[in-house]
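Just below is one structure, and these are the notes that go with it.
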Amino acid sequence: MSEFVKVFDAVKEVFDTEPGSVKEIDEGLISETFEVEKGEKKYIIQFSDKKHLENCLLGYRMFKDVIPVPETVTSTVKEIKGENFVVVEKVKGESAETDINPERVRKAGKTLAKIHDYTELPHEGHIKN
């Protein structure tokens, strides 16, 4: 299935309308990620395996009062034509993937500290219910 066809299908499934614009986001290692514009709002659609997407949604719920996370549009992983996806609102900010510097590293460390202060994680890896 073409990347953009599946994005259009996912938007139609969730919003019952077509997106205004679609842009592929090349960054990231696990998910196929797209930015979708609908009217004045922007959303992120991620396609990946179901377990990974469930972990993303769990993290958003767990840490929404601790660190900036996107508001979820889909509360569960959706599937269309064999493709698993979630939709979240786009948060303000920019990727640090190509601009790693000491200030960003300090800020990332402070954010990780907030997560670890909030809850004790029983082991490394994915968060579990």
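Every chain in the structure tokens has a letter given in the order shown (A, B, ...), and although residue numbers restart at 1 in each chain, ligands are simply numbered from 1 in the order shown.
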
Just asking: which residues within segment 5-102 of chain A are helix (DSSP H, G or I) according to DSSP, as JSON, numbers by chain?
{"A": [5, 6, 7, 8, 9, 10, 11, 12, 13, 14, 15, 50, 51, 52, 53, 54, 55, 56, 57, 58, 59, 60, 61, 62, 63, 102]}

Which neighbours of Val11 of chain A fall inside 12 Å, counting only C-alpha atoms, when residues of the same chain fewer than 5 positions from it are skipped, and could you give them as an MDAnalysis selection string?
chainID A and resid 4:6 16:22 34:38 42:46 73:74 78:80 85:88

Grab the atom CA of Thr33 of chain A to atom CA of Leu57 of chain A distance for me, in Å with one decimal place.
14.8 Å

Can you pull out every residue within 10 Å of Glu32 of chain A, counting only C-alpha atoms, but drop anything in the same chain fewer than 4 positions away, and send it as JSON, numbers by chain?
{"A": [3, 24, 25, 26, 27, 28, 45, 46, 47, 48, 85]}

Polymer residues at most 8 Å from segment 67-72 of chain A, only C-alpha atoms, same-chain spacing of 5 or more positions, as an NGL selection string
:A and (57 or 60 or 87-91 or 111 or 114-115)

Please write the residues from the selection above to a file, keeping C-alpha atoms, as a short mmCIF file (atom, residue, chain, number, x, y, z; two decimals), in the first residue's frame.
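Output file part-v3.cif is given in full below:
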```cif
data_model
loop_
_atom_site.label_atom_id
_atom_site.label_comp_id
_atom_site.auth_asym_id
_atom_site.auth_seq_id
_atom_site.Cartn_x
_atom_site.Cartn_y
_atom_site.Cartn_z
CA LEU A 57 -0.08 5.42 23.97
CA TYR A 60 1.48 9.44 26.71
CA VAL A 87 -3.11 9.59 15.71
CA VAL A 88 -1.96 12.29 18.13
CA GLU A 89 -2.03 16.07 18.05
CA LYS A 90 1.25 17.63 16.98
CA VAL A 91 3.18 19.26 19.83
CA THR A 111 13.21 15.49 31.30
CA LYS A 114 11.24 14.04 35.80
CA ILE A 115 10.10 10.70 34.38
#
```

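The smallest atom-to-atom distance between Gly82 of chain A and any of A:Lys41, A:Arg61, A:Lys50, A:Arg104, using only C-alpha atoms, is found for A:Lys50.
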
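For the choices A:Gly93, A:Pro102, A:Lys107, A:Ser75, the atom-to-atom distance to Val14 of chain A is smallest for A:Ser75 when using only C-alpha atoms.
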
Using only C-alpha atoms, which of the listed residues (A:Leu29, A:Asp117, A:Thr76, A:Val66) sits closest to Lys51 of chain A?
A:Thr76
